[in-house]
Amino acid sequence: MINKINILDKRFELATGAGSDAIHKDPQYSYAVAQLGDESGLTGNGLAFTLGEGNDLVCKAASFYADKIKGNDIEELMADFGQTFKTLSNEQQFRWLGPHKGVVHLGLAAVTNACYDLWAKKRGVPLWKLLIDLTPEQIVNTLDLSYLEDVLTKAEAIELLSAQVDSKKSREGILTTGYAGYDTSVGWFNYDDEKVRENCKKAIDNGFTAMKLKVGSADPQRDIRRANIVREVAGETSKVMLDANQQWTLPQAISICNELKNMNPYWVEEPTHPDDVLAHQTLAKTIAPIKLALGEHVPNRIIFKNYLQTGCVGFAQVDAVRVGGVSEFITISLMAKKYGVPVVPHVGDMGQLHQHLVLFNHIAMGHKALFLEHIPHLKAHFVNPIKIENGVYVTPQEAGSSCDLK
């Protein structure tokens, strides 16, 4: 039974220039941490990611939600967690502050993620194993599919998972070989050209065959120059992604993306305002065959549904510490599977939680194993930090979701 609740406001300073992008010039990587303890002495840790200011507000929201589930047995809670998630996310007064987005939804993410962590610890297994071993019906019972009935019913969700059961074993080899990573820290916005060049060389030496550059400069020629530096160092066979972090208007995005075509980007990420679904639809058609990667700031399953319906999403970057937690992450992954869109998460958790979720996506859902973003800046603060060897995530073996902070 959940009998102890602790909410922590954790903030971490970054090295000069690290984490910077066109919009967020001076970030402070931060977590609203929900801790749920039970009578056995286990503690589930759940994270929601912010960039500093306002983290205390998310903590207050998490405290509100955590109090609602105090006194519940974790196994009983997770047996029908979809209904719990639906009830909490639609709490009559808090819903007004969203709905299903912003501070309140981030607070729910922290609590949801703590529930999944405690559940896995209670069973003594890593989260990836808990999820993979659940039946399709058990997985779907943890999901809230409301407002999605036009594209994904409960029966369809179960069928999507059931269709992959017989072939699961054929994909479990990735547990041994590991899940490929990509280096997102080679080209933070505030790094000068020489540091970008140096970081690209280091990434290649460390085994990465894919890397990302932050773009969105006031002078587009700076972006073009730096993108070509990365392509030159990485070579033609490496995947190079570009991330504008919502900086451009639609006309700017069309113009700059057309100029960037020459260096063959694997994707262009968050090119314009994340709420402007139709602008992304127009852009995707205009700059094809370049694909768009979207989701870092898409707050919930309903907006993801709209993006998928328009056909403009090349890669879904749903982040379980940004939407409503693991439950909503799986829901969005199922929709993406139905629409044939690969899921490559944004990792506000620094990959700690998502290393489990991408294994589940691949093995149990049949998503293609592409790669998972790698950001190294907070490794020293986790009890069981992610392990990368030769550019590949090593499968975690400890019980839980790897989200315990020191």
# chains A, B, ... in the order shown; residues from 1 in each chain; ligands from 1

$ residues_around --residues "Asn141 of chain A" --least-positions-apart "2" --cutoff "6 Å" --atoms "only C-alpha atoms" --output "list in words"
Asp80, Gly82, Gln138, Ile139 and Leu143 of chain A

$ select_by_dssp --residues "segment 81-329 of chain A" --states "strand (DSSP E or B)" --output "list in words"
Pro126, Tyr179, Ala180, Gly181, Tyr182, Asp183, Thr184, Ser185, Val186, Gly187, Ala210, Met211, Lys212, Leu213, Lys214, Lys239, Val240, Met241, Leu242, Asp243, Trp267, Val268, Glu269, Leu292, Ala293, Leu294, Phe315 and Ala316 of chain A

$ write_last_selection --atoms "N, CA and C atoms" --output "PDB file, in the first residue's frame"
ATOM      1  N   PRO A 126      13.378  -5.011 -14.138  1.00  0.00           N
ATOM      2  CA  PRO A 126      13.460  -3.735 -14.857  1.00  0.00           C
ATOM      3  C   PRO A 126      12.118  -3.421 -15.506  1.00  0.00           C
ATOM      4  N   TYR A 179      20.503  -1.083 -27.644  1.00  0.00           N
ATOM      5  CA  TYR A 179      19.732  -0.174 -28.483  1.00  0.00           C
ATOM      6  C   TYR A 179      20.621   0.989 -28.904  1.00  0.00           C
ATOM      7  N   ALA A 180      20.718   1.244 -30.184  1.00  0.00           N
ATOM      8  CA  ALA A 180      21.606   2.293 -30.693  1.00  0.00           C
ATOM      9  C   ALA A 180      21.226   3.663 -30.154  1.00  0.00           C
ATOM     10  N   GLY A 181      22.229   4.501 -29.924  1.00  0.00           N
ATOM     11  CA  GLY A 181      21.997   5.868 -29.483  1.00  0.00           C
ATOM     12  C   GLY A 181      22.397   6.860 -30.556  1.00  0.00           C
ATOM     13  N   TYR A 182      21.935   8.094 -30.407  1.00  0.00           N
ATOM     14  CA  TYR A 182      22.477   9.176 -31.239  1.00  0.00           C
ATOM     15  C   TYR A 182      22.902  10.318 -30.328  1.00  0.00           C
ATOM     16  N   ASP A 183      23.931  11.033 -30.732  1.00  0.00           N
ATOM     17  CA  ASP A 183      24.529  12.067 -29.891  1.00  0.00           C
ATOM     18  C   ASP A 183      23.863  13.410 -30.174  1.00  0.00           C
ATOM     19  N   THR A 184      23.161  13.922 -29.181  1.00  0.00           N
ATOM     20  CA  THR A 184      22.452  15.193 -29.353  1.00  0.00           C
ATOM     21  C   THR A 184      23.225  16.359 -28.764  1.00  0.00           C
ATOM     22  N   SER A 185      24.398  16.094 -28.199  1.00  0.00           N
ATOM     23  CA  SER A 185      25.131  17.166 -27.517  1.00  0.00           C
ATOM     24  C   SER A 185      26.325  17.674 -28.328  1.00  0.00           C
ATOM     25  N   VAL A 186      26.438  17.259 -29.587  1.00  0.00           N
ATOM     26  CA  VAL A 186      27.581  17.736 -30.382  1.00  0.00           C
ATOM     27  C   VAL A 186      27.430  19.212 -30.732  1.00  0.00           C
ATOM     28  N   GLY A 187      26.191  19.669 -30.915  1.00  0.00           N
ATOM     29  CA  GLY A 187      26.013  21.008 -31.469  1.00  0.00           C
ATOM     30  C   GLY A 187      25.012  21.871 -30.743  1.00  0.00           C
ATOM     31  N   ALA A 210      25.090   8.744 -35.696  1.00  0.00           N
ATOM     32  CA  ALA A 210      24.043   9.742 -35.881  1.00  0.00           C
ATOM     33  C   ALA A 210      24.230  10.823 -34.828  1.00  0.00           C
ATOM     34  N   MET A 211      23.978  12.083 -35.221  1.00  0.00           N
ATOM     35  CA  MET A 211      24.179  13.202 -34.309  1.00  0.00           C
ATOM     36  C   MET A 211      23.279  14.360 -34.700  1.00  0.00           C
ATOM     37  N   LYS A 212      23.094  15.303 -33.763  1.00  0.00           N
ATOM     38  CA  LYS A 212      22.134  16.383 -33.979  1.00  0.00           C
ATOM     39  C   LYS A 212      22.759  17.746 -33.731  1.00  0.00           C
ATOM     40  N   LEU A 213      22.333  18.716 -34.549  1.00  0.00           N
ATOM     41  CA  LEU A 213      22.800  20.096 -34.450  1.00  0.00           C
ATOM     42  C   LEU A 213      21.621  21.008 -34.156  1.00  0.00           C
ATOM     43  N   LYS A 214      21.816  21.947 -33.240  1.00  0.00           N
ATOM     44  CA  LYS A 214      20.807  22.964 -32.972  1.00  0.00           C
ATOM     45  C   LYS A 214      20.910  24.084 -34.013  1.00  0.00           C
ATOM     46  N   LYS A 239      23.929   9.787 -40.073  1.00  0.00           N
ATOM     47  CA  LYS A 239      22.673  10.515 -40.037  1.00  0.00           C
ATOM     48  C   LYS A 239      22.887  11.812 -39.260  1.00  0.00           C
ATOM     49  N   VAL A 240      22.502  12.922 -39.847  1.00  0.00           N
ATOM     50  CA  VAL A 240      22.627  14.231 -39.208  1.00  0.00           C
ATOM     51  C   VAL A 240      21.242  14.854 -39.110  1.00  0.00           C
ATOM     52  N   MET A 241      20.822  15.154 -37.877  1.00  0.00           N
ATOM     53  CA  MET A 241      19.514  15.753 -37.634  1.00  0.00           C
ATOM     54  C   MET A 241      19.673  17.221 -37.258  1.00  0.00           C
ATOM     55  N   LEU A 242      18.693  18.042 -37.619  1.00  0.00           N
ATOM     56  CA  LEU A 242      18.709  19.467 -37.329  1.00  0.00           C
ATOM     57  C   LEU A 242      17.492  19.816 -36.475  1.00  0.00           C
ATOM     58  N   ASP A 243      17.703  20.635 -35.449  1.00  0.00           N
ATOM     59  CA  ASP A 243      16.652  20.929 -34.476  1.00  0.00           C
ATOM     60  C   ASP A 243      16.523  22.435 -34.294  1.00  0.00           C
ATOM     61  N   TRP A 267      16.395  14.430 -40.479  1.00  0.00           N
ATOM     62  CA  TRP A 267      15.119  15.081 -40.172  1.00  0.00           C
ATOM     63  C   TRP A 267      15.366  16.526 -39.789  1.00  0.00           C
ATOM     64  N   VAL A 268      14.305  17.325 -39.825  1.00  0.00           N
ATOM     65  CA  VAL A 268      14.291  18.666 -39.244  1.00  0.00           C
ATOM     66  C   VAL A 268      13.285  18.623 -38.104  1.00  0.00           C
ATOM     67  N   GLU A 269      13.755  19.013 -36.931  1.00  0.00           N
ATOM     68  CA  GLU A 269      12.981  18.846 -35.698  1.00  0.00           C
ATOM     69  C   GLU A 269      12.388  20.163 -35.225  1.00  0.00           C
ATOM     70  N   LEU A 292       9.916  15.581 -41.020  1.00  0.00           N
ATOM     71  CA  LEU A 292       9.829  16.355 -39.787  1.00  0.00           C
ATOM     72  C   LEU A 292       9.791  15.428 -38.579  1.00  0.00           C
ATOM     73  N   ALA A 293      10.481  15.833 -37.523  1.00  0.00           N
ATOM     74  CA  ALA A 293      10.426  15.145 -36.229  1.00  0.00           C
ATOM     75  C   ALA A 293       9.716  16.072 -35.260  1.00  0.00           C
ATOM     76  N   LEU A 294       8.665  15.553 -34.619  1.00  0.00           N
ATOM     77  CA  LEU A 294       7.805  16.392 -33.783  1.00  0.00           C
ATOM     78  C   LEU A 294       7.439  15.684 -32.492  1.00  0.00           C
ATOM     79  N   PHE A 315       8.775  11.408 -37.719  1.00  0.00           N
ATOM     80  CA  PHE A 315       9.259  10.724 -36.520  1.00  0.00           C
ATOM     81  C   PHE A 315       8.520  11.323 -35.322  1.00  0.00           C
ATOM     82  N   ALA A 316       7.915  10.462 -34.500  1.00  0.00           N
ATOM     83  CA  ALA A 316       7.195  10.916 -33.305  1.00  0.00           C
ATOM     84  C   ALA A 316       8.152  10.940 -32.125  1.00  0.00           C
TER      85      ALA A 316
END

$ residues_around --residues "Val233 of chain A" --least-positions-apart "4" --cutoff "7 Å" --atoms "only C-alpha atoms" --output "list in words"
Arg197, Cys200, Lys201 and Ile229 of chain A

$ residues_around --residues "Lys122 of chain A" --least-positions-apart "4" --cutoff "12 Å" --atoms "only C-alpha atoms" --output "mmCIF file with N, CA and C atoms, in the first residue's frame"
data_model
loop_
_atom_site.group_PDB
_atom_site.id
_atom_site.type_symbol
_atom_site.label_atom_id
_atom_site.label_comp_id
_atom_site.auth_asym_id
_atom_site.auth_seq_id
_atom_site.Cartn_x
_atom_site.Cartn_y
_atom_site.Cartn_z
ATOM 1 N N MET A 1 0.840 -1.197 0.000
ATOM 2 C CA MET A 1 0.000 0.000 0.000
ATOM 3 C C MET A 1 0.882 1.256 0.000
ATOM 4 N N ILE A 2 0.539 2.220 -0.836
ATOM 5 C CA ILE A 2 1.291 3.479 -0.891
ATOM 6 C C ILE A 2 0.962 4.289 0.362
ATOM 7 N N LEU A 36 6.888 7.688 -4.276
ATOM 8 C CA LEU A 36 5.785 6.963 -3.655
ATOM 9 C C LEU A 36 6.349 5.768 -2.909
ATOM 10 N N GLY A 37 6.205 5.750 -1.588
ATOM 11 C CA GLY A 37 6.721 4.651 -0.777
ATOM 12 C C GLY A 37 5.608 3.734 -0.314
ATOM 13 N N ASP A 38 5.942 2.447 -0.151
ATOM 14 C CA ASP A 38 4.941 1.508 0.365
ATOM 15 C C ASP A 38 5.430 0.857 1.649
ATOM 16 N N GLU A 39 4.589 -0.007 2.224
ATOM 17 C CA GLU A 39 4.886 -0.585 3.533
ATOM 18 C C GLU A 39 6.076 -1.530 3.504
ATOM 19 N N SER A 40 6.484 -1.988 2.328
ATOM 20 C CA SER A 40 7.628 -2.895 2.226
ATOM 21 C C SER A 40 8.955 -2.144 2.214
ATOM 22 N N GLY A 41 8.904 -0.834 2.147
ATOM 23 C CA GLY A 41 10.119 -0.036 2.131
ATOM 24 C C GLY A 41 10.574 0.362 0.741
ATOM 25 N N LEU A 42 9.864 -0.073 -0.291
ATOM 26 C CA LEU A 42 10.206 0.306 -1.663
ATOM 27 C C LEU A 42 9.725 1.724 -1.956
ATOM 28 N N THR A 43 10.447 2.402 -2.845
ATOM 29 C CA THR A 43 10.067 3.755 -3.247
ATOM 30 C C THR A 43 10.084 3.859 -4.761
ATOM 31 N N GLY A 44 8.954 4.262 -5.329
ATOM 32 C CA GLY A 44 8.876 4.530 -6.756
ATOM 33 C C GLY A 44 9.230 5.973 -7.030
ATOM 34 N N ASP A 73 -2.980 -0.052 -3.099
ATOM 35 C CA ASP A 73 -1.984 -1.084 -3.369
ATOM 36 C C ASP A 73 -1.524 -0.923 -4.815
ATOM 37 N N ILE A 74 -0.230 -0.986 -5.043
ATOM 38 C CA ILE A 74 0.292 -0.691 -6.381
ATOM 39 C C ILE A 74 -0.183 -1.696 -7.420
ATOM 40 N N GLU A 75 -0.273 -2.969 -7.063
ATOM 41 C CA GLU A 75 -0.748 -3.961 -8.027
ATOM 42 C C GLU A 75 -2.210 -3.719 -8.398
ATOM 43 N N MET A 78 -2.408 -0.553 -10.662
ATOM 44 C CA MET A 78 -1.930 -0.701 -12.034
ATOM 45 C C MET A 78 -2.782 -1.661 -12.852
ATOM 46 N N ALA A 114 6.172 7.504 -11.336
ATOM 47 C CA ALA A 114 6.503 6.898 -10.035
ATOM 48 C C ALA A 114 5.726 5.602 -9.829
ATOM 49 N N CYS A 115 4.478 5.577 -10.283
ATOM 50 C CA CYS A 115 3.669 4.349 -10.170
ATOM 51 C C CYS A 115 4.298 3.203 -10.955
ATOM 52 N N TYR A 116 4.725 3.474 -12.175
ATOM 53 C CA TYR A 116 5.335 2.425 -12.991
ATOM 54 C C TYR A 116 6.664 1.961 -12.392
ATOM 55 N N ASP A 117 7.423 2.891 -11.839
ATOM 56 C CA ASP A 117 8.695 2.529 -11.212
ATOM 57 C C ASP A 117 8.466 1.639 -9.991
ATOM 58 N N LEU A 118 7.504 2.031 -9.152
ATOM 59 C CA LEU A 118 7.192 1.238 -7.960
ATOM 60 C C LEU A 118 6.662 -0.142 -8.352
ATOM 61 N N PRO A 126 13.378 -5.011 -14.138
ATOM 62 C CA PRO A 126 13.460 -3.735 -14.857
ATOM 63 C C PRO A 126 12.118 -3.421 -15.506
ATOM 64 N N LEU A 127 11.831 -2.149 -15.698
ATOM 65 C CA LEU A 127 10.546 -1.769 -16.275
ATOM 66 C C LEU A 127 10.350 -2.379 -17.657
ATOM 67 N N LEU A 130 8.994 -5.864 -17.188
ATOM 68 C CA LEU A 130 7.612 -5.865 -16.716
ATOM 69 C C LEU A 130 6.655 -5.604 -17.878
ATOM 70 N N ALA A 399 16.083 -3.460 -11.010
ATOM 71 C CA ALA A 399 14.628 -3.348 -10.909
ATOM 72 C C ALA A 399 14.205 -1.876 -10.973
ATOM 73 N N GLY A 400 13.092 -1.619 -11.654
ATOM 74 C CA GLY A 400 12.565 -0.274 -11.755
ATOM 75 C C GLY A 400 12.837 0.378 -13.088
ATOM 76 N N SER A 401 12.711 1.712 -13.122
ATOM 77 C CA SER A 401 12.810 2.473 -14.370
ATOM 78 C C SER A 401 14.079 3.313 -14.474
#

$ select_by_dssp --residues "segment 68-302 of chain A" --states "alpha helix (DSSP H)" --output "ChimeraX atom specification"
/A:68-69,74-79,81-89,102-123,127-133,136-140,154-162,168-171,174-177,193-205,220-234,250-260,277-287,301-302

$ closest_atom_pairs --of "segment 16-96 of chain A" --to "segment 321-339 of chain A" --cutoff "12 Å" --atoms "only C-alpha atoms" --output "tab-separated table"
residue	atom	partner	partner_atom	distance
A:Ser30	CA	A:Val321	CA	11.2
A:Tyr31	CA	A:Val321	CA	9.1
A:Ala32	CA	A:Val321	CA	9.7
A:Val33	CA	A:Val321	CA	10.5
A:Ala34	CA	A:Val321	CA	11.7
A:Gly46	CA	A:Val321	CA	8.5
A:Leu47	CA	A:Val321	CA	6.0
A:Ala48	CA	A:Val321	CA	4.5
A:Phe49	CA	A:Val321	CA	5.6
A:Thr50	CA	A:Arg322	CA	8.5
A:Leu51	CA	A:Arg322	CA	11.7
A:Val58	CA	A:Arg322	CA	11.4
A:Ala62	CA	A:Gly324	CA	11.3
A:Tyr65	CA	A:Gly324	CA	11.9
A:Met78	CA	A:Ser327	CA	10.2
A:Asp80	CA	A:Ser327	CA	11.2
A:Phe81	CA	A:Ser327	CA	8.2
A:Gly82	CA	A:Ser327	CA	7.5
A:Gln83	CA	A:Ser327	CA	10.9
A:Thr84	CA	A:Ser327	CA	10.6
A:Phe85	CA	A:Ser327	CA	8.0
A:Lys86	CA	A:Glu328	CA	10.4
A:Leu88	CA	A:Gly324	CA	10.6
A:Ser89	CA	A:Gly324	CA	8.5

$ atom_distance --atom1 "atom CA of Ala369 of chain A" --atom2 "atom CA of Gly178 of chain A"
10.1 Å

$ atom_distance --atom1 "atom CA of Val347 of chain A" --atom2 "atom CA of Trp188 of chain A"
15.2 Å

$ residues_around --residues "segment 147-163 of chain A" --least-positions-apart "6" --cutoff "6 Å" --atoms "only C-alpha atoms" --output "list in words"
Pro136, Glu137 and Met365 of chain A

$ residues_around --residues "Ile287 of chain A" --least-positions-apart "2" --cutoff "8 Å" --atoms "only C-alpha atoms" --output "list in words"
Ile254, Cys257, Asn258, Leu283, Ala284, Lys285, Pro289, Ile290 and Lys291 of chain A
